[in-house]
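Since the structure comes first, as structure tokens, the remarks are kept for the end.
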Amino acid sequence: MAAEIAEQPGRLARIAEARDGVVEVARAIADRPPRFALLAARGSSDHAALYAKYLIEVLLGLPAGLVSPSTTTLYEARPDLREVLLVSVSQSGGSPDLVEVTAAARERGARTVAVSNTADSPLHGVAELAVDIGAGPEQAVAATKTYTATLLTLYLLVDAIRGGTGEHVHDIGKLAEQALERSDGDVSRAIDRYRFVDRIITSGRGYSYATALEASLKLAETSYLAARAYSGADLLHGPVAAVDEDTAVLAVTSAGKGGRAMHDVLGAVADRGADVLAIGSAAESVPAALRIGLPETAEEVAPILEVLPVQRIALGLALARGGDPDRPRGLRKVTRTR
């Protein structure tokens, strides 16, 4: 896991440079504009799909939604999907439910796109269009480089559909390297501070909500923490009542509208005595016990950097708590569900 975290700056740089395949798929989509988009995914890929949902709605101005695979696999629903774009996101491309959803959607008239790290996967085989995220083989069970590579690939795809050139990520490799190097000391302090915590809330708004969800998953699967993710808005709609001085809150706060919307949220949890760890390019501007600052980017690409220190915290906490982050109990690299 440590080696694959460290590998990300180079991988991201190469993906940003080699965008021709993504551009080709984007042109095919732009030539037949959909009326709305659906995204199908599981696990970490589901968080990447939520990120793509924000991209599609904000940057393309299209309504977008997340698919519930069981409506197809268990309930055999077959809705009319003509003029719909279905993007299926899977690191392995081998989950039976996503393959079935994609095949059924194509039969019902959808334009289907597979986004996967396995070019010869069943998912690529059933989709009309396919994009290889190019993260390389990932050995650790917890997704790290495949997650950030998926985020970047989805951004490049959506950006290319609107005619963009990927200008906001042309130096993403260098920024990722800076994010890892500059956060090293603060990550170590966070590991020391939270190694004995029993429960943690993760929170973010806008694009960064995907990072909060991924942070919760990483902490749960590697460190076995009772972690729960909330949108900053949803946190104030009830769950904040459970926050007290024994609660740790990992808050994702990057420059932009989503980060600014977190100010009131963090004020509320700080007033309740919570121990706040703020991560992001706007971390210095919010009330927190510990902050991990990151290079500032366009808001829509910030999640690619935000998750990097989170991954290292998850790794460090797992080791500090006596676990093996490369072999989490009860988990396999490819999870097959239906």
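Convention: chains lettered A, B, ... in structure tokens order; per-chain residue numbering from 1; ligands numbered from 1 as shown.
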
**OP:** as a PyMOL selection string, list the residues of segment 59-275 of chain A assigned to helix (DSSP H, G or I) by DSSP on the backbone atoms of this structure.
**Re:** chain A and resi 59-60+70-73+96-107+122-126+145-161+167-169+172-182+184-194+206-223+232-236+239-242+257-271

Original post:
Which neighbours of Arg199 of chain A fall inside 8 Å, counting only C-alpha atoms, when residues of the same chain fewer than 5 positions from it are skipped, and could you give them as a list in words?
Top reply: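 Within the cut-off, the hits are Leu225, Ala226, Ala227, Thr247 and Ala248 of chain A.
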
Subject >> Top pick for closest residue to Val276 of chain A, considering A:Val113, A:Ile172, A:Ala289, A:Ile313 and counting only C-alpha atoms >> reply: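 For Val276 of chain A, the nearest of the given residues is A:Ala289.
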
Need to verify the contact set: Val240 of chain A, 8 Å, only C-alpha atoms, exclusion of same-chain residues closer than 3 positions in sequence. Can you return it as an mmCIF file with all heavy atoms, in the first residue's frame?
data_model
loop_
_atom_site.group_PDB
_atom_site.id
_atom_site.type_symbol
_atom_site.label_atom_id
_atom_site.label_comp_id
_atom_site.auth_asym_id
_atom_site.auth_seq_id
_atom_site.Cartn_x
_atom_site.Cartn_y
_atom_site.Cartn_z
ATOM 1 N N LEU A 235 -24.738 16.634 7.779
ATOM 2 C CA LEU A 235 -24.229 16.537 9.146
ATOM 3 C C LEU A 235 -25.000 17.464 10.081
ATOM 4 O O LEU A 235 -25.264 17.122 11.240
ATOM 5 C CB LEU A 235 -22.742 16.880 9.170
ATOM 6 C CG LEU A 235 -22.009 16.767 10.515
ATOM 7 C CD1 LEU A 235 -22.149 15.366 11.100
ATOM 8 C CD2 LEU A 235 -20.544 17.130 10.347
ATOM 9 N N LEU A 236 -25.394 18.625 9.575
ATOM 10 C CA LEU A 236 -26.143 19.585 10.395
ATOM 11 C C LEU A 236 -27.615 19.217 10.527
ATOM 12 O O LEU A 236 -28.317 19.765 11.368
ATOM 13 C CB LEU A 236 -26.009 20.987 9.806
ATOM 14 C CG LEU A 236 -24.611 21.595 9.814
ATOM 15 C CD1 LEU A 236 -24.635 23.003 9.241
ATOM 16 C CD2 LEU A 236 -24.016 21.600 11.221
ATOM 17 N N HIS A 237 -28.089 18.295 9.674
ATOM 18 C CA HIS A 237 -29.499 17.895 9.706
ATOM 19 C C HIS A 237 -29.723 16.718 10.649
ATOM 20 O O HIS A 237 -30.398 15.745 10.293
ATOM 21 C CB HIS A 237 -29.986 17.539 8.297
ATOM 22 C CG HIS A 237 -30.348 18.725 7.468
ATOM 23 N ND1 HIS A 237 -31.633 19.215 7.362
ATOM 24 C CD2 HIS A 237 -29.582 19.533 6.704
ATOM 25 C CE1 HIS A 237 -31.647 20.268 6.572
ATOM 26 N NE2 HIS A 237 -30.411 20.490 6.154
ATOM 27 N N VAL A 243 -22.292 14.450 18.036
ATOM 28 C CA VAL A 243 -20.902 14.900 18.097
ATOM 29 C C VAL A 243 -20.596 15.470 19.477
ATOM 30 O O VAL A 243 -21.362 16.280 20.011
ATOM 31 C CB VAL A 243 -20.634 15.966 17.014
ATOM 32 C CG1 VAL A 243 -19.246 16.569 17.171
ATOM 33 C CG2 VAL A 243 -20.793 15.357 15.621
ATOM 34 N N ALA A 268 -19.869 24.543 13.991
ATOM 35 C CA ALA A 268 -20.851 23.838 14.823
ATOM 36 C C ALA A 268 -20.215 22.646 15.538
ATOM 37 O O ALA A 268 -20.456 22.432 16.732
ATOM 38 C CB ALA A 268 -22.020 23.362 13.961
ATOM 39 N N VAL A 269 -19.408 21.863 14.849
ATOM 40 C CA VAL A 269 -18.807 20.689 15.505
ATOM 41 C C VAL A 269 -17.720 21.113 16.486
ATOM 42 O O VAL A 269 -17.522 20.461 17.529
ATOM 43 C CB VAL A 269 -18.256 19.666 14.482
ATOM 44 C CG1 VAL A 269 -19.380 19.126 13.618
ATOM 45 C CG2 VAL A 269 -17.150 20.251 13.631
#

**OP:** Select, from A:Gln8, A:Thr72, A:Thr102, A:Ser90, the residue with the minimum atom-to-atom distance to Ile304 of chain A, counting only C-alpha atoms.
**Re:**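 When distances to Ile304 of chain A are compared using only C-alpha atoms, the smallest one comes from A:Gln8.
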
Original post:
Excluding same-chain residues fewer than 6 positions from Arg182 of chain A, what lies within 9 Å of it counting only C-alpha atoms, as a list in words?
Top reply: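 Contacts, in chain order: Ile292, Gly293 and Leu294 of chain A.
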
Original post:
Hey, what's within 12 Å of Pro33 of chain A if we count only C-alpha atoms and toss same-chain stuff fewer than 2 positions away? As a ChimeraX atom specification, please?
Top reply: /A:26-31,35-37,60-62,82-85,110-111,161-162

Original post:
Separation of atom CA of Leu219 of chain A and atom CA of Ser121 of chain A, in Å?
Top reply: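 Going from atom CA of Leu219 of chain A over to atom CA of Ser121 of chain A covers 28.5 Å.
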
**OP:** Give the strand (DSSP E or B) residues of segment 70-316 of chain A, as DSSP finds them on the backbone, and put them as number ranges by chain.
**Re:** A: 84-90, 111-116, 129-132, 199-204, 226-231, 248-252, 275-280, 290-293

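Remark: for Ala105 of chain A, the closest of the candidate residues A:Ala77, A:Ala274, A:Leu315, A:Ala130 is A:Ala77 (distances computed over only C-alpha atoms).
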
Applying 6 Å and only C-alpha atoms, which residues near segment 9-21 of chain A remain after dropping the ones on its own chain fewer than 3 positions away? List them as a PDB file with N, CA and C atoms, in the first residue's frame.
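This went into out.pdb:
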ATOM      1  N   GLU A  24     -10.991  10.526 -27.636  1.00  0.00           N
ATOM      2  CA  GLU A  24     -11.727   9.810 -28.686  1.00  0.00           C
ATOM      3  C   GLU A  24     -13.104   9.377 -28.195  1.00  0.00           C
ATOM      4  N   GLY A 173       0.749  15.724 -11.790  1.00  0.00           N
ATOM      5  CA  GLY A 173       1.786  14.875 -11.224  1.00  0.00           C
ATOM      6  C   GLY A 173       2.673  15.633 -10.254  1.00  0.00           C
ATOM      7  N   ALA A 176       0.688  16.455  -7.103  1.00  0.00           N
ATOM      8  CA  ALA A 176       0.539  15.276  -6.251  1.00  0.00           C
ATOM      9  C   ALA A 176       1.825  14.999  -5.477  1.00  0.00           C
ATOM     10  N   GLU A 177       2.950  15.180  -6.129  1.00  0.00           N
ATOM     11  CA  GLU A 177       4.237  14.994  -5.461  1.00  0.00           C
ATOM     12  C   GLU A 177       4.399  15.994  -4.314  1.00  0.00           C
TER      13      GLU A 177
END

**OP:** Record the distance separating atom CA of Val101 of chain A and atom CA of Leu66 of chain A, expressed in Å with one decimal.
**Re:**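 Going from atom CA of Val101 of chain A over to atom CA of Leu66 of chain A covers 12.1 Å.
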
Original post:
A:Asp120, A:Glu306, A:Glu128, A:Glu57: which is nearest Leu86 of chain A, counting only C-alpha atoms?
Top reply: A:Glu128

**OP:** Identify which of the residues A:Arg42, A:Ser68, A:Ala140, A:Arg321 lies closest to Gly94 of chain A, counting only C-alpha atoms when measuring atom-to-atom distances.
**Re:** A:Arg42

**OP:** Identify, on the basis of only C-alpha atoms, every residue whose closest approach to Leu151 of chain A does not exceed 8 Å; exclude the query and any residue fewer than 4 positions from it along the same chain; express the result as a list in words.
**Re:**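 Counting only C-alpha atoms, the residues come to Ala48, Tyr51, Ala52, Tyr147, Tyr155, Pro303 and Ile304 of chain A.
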
Requested write-out: N, CA, C and O atoms of the selected residues, as a PDB file, in the first residue's frame:
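Just written: selection_39.pdb:
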ATOM      1  N   ALA A  48     -15.837   7.566  -6.744  1.00  0.00           N
ATOM      2  CA  ALA A  48     -15.376   8.211  -7.975  1.00  0.00           C
ATOM      3  C   ALA A  48     -16.564   8.561  -8.868  1.00  0.00           C
ATOM      4  O   ALA A  48     -16.587   9.615  -9.523  1.00  0.00           O
ATOM      5  N   TYR A  51     -18.173  11.688  -7.648  1.00  0.00           N
ATOM      6  CA  TYR A  51     -17.357  12.809  -8.134  1.00  0.00           C
ATOM      7  C   TYR A  51     -17.722  13.137  -9.576  1.00  0.00           C
ATOM      8  O   TYR A  51     -17.919  14.314  -9.932  1.00  0.00           O
ATOM      9  N   ALA A  52     -17.862  12.107 -10.411  1.00  0.00           N
ATOM     10  CA  ALA A  52     -18.237  12.326 -11.806  1.00  0.00           C
ATOM     11  C   ALA A  52     -19.630  12.921 -11.930  1.00  0.00           C
ATOM     12  O   ALA A  52     -19.906  13.711 -12.841  1.00  0.00           O
ATOM     13  N   TYR A 147      -7.811   4.534  -7.430  1.00  0.00           N
ATOM     14  CA  TYR A 147      -8.835   5.524  -7.118  1.00  0.00           C
ATOM     15  C   TYR A 147      -8.483   6.885  -7.719  1.00  0.00           C
ATOM     16  O   TYR A 147      -9.314   7.498  -8.413  1.00  0.00           O
ATOM     17  N   TYR A 155     -12.394  13.005 -14.827  1.00  0.00           N
ATOM     18  CA  TYR A 155     -12.298  14.445 -15.076  1.00  0.00           C
ATOM     19  C   TYR A 155     -11.909  14.717 -16.523  1.00  0.00           C
ATOM     20  O   TYR A 155     -12.520  15.558 -17.201  1.00  0.00           O
ATOM     21  N   PRO A 303     -10.255  16.954  -5.473  1.00  0.00           N
ATOM     22  CA  PRO A 303     -10.338  15.619  -4.866  1.00  0.00           C
ATOM     23  C   PRO A 303      -9.187  14.682  -5.235  1.00  0.00           C
ATOM     24  O   PRO A 303      -8.891  13.754  -4.475  1.00  0.00           O
ATOM     25  N   ILE A 304      -8.545  14.913  -6.363  1.00  0.00           N
ATOM     26  CA  ILE A 304      -7.418  14.061  -6.754  1.00  0.00           C
ATOM     27  C   ILE A 304      -6.275  14.214  -5.757  1.00  0.00           C
ATOM     28  O   ILE A 304      -5.554  13.249  -5.459  1.00  0.00           O
TER      29      ILE A 304
END

**OP:** Can you work out the spacing between atom CA of Gly164 of chain A and atom CA of Ser44 of chain A in Å, to one decimal?
**Re:**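 These two atoms are separated by 26.2 Å.
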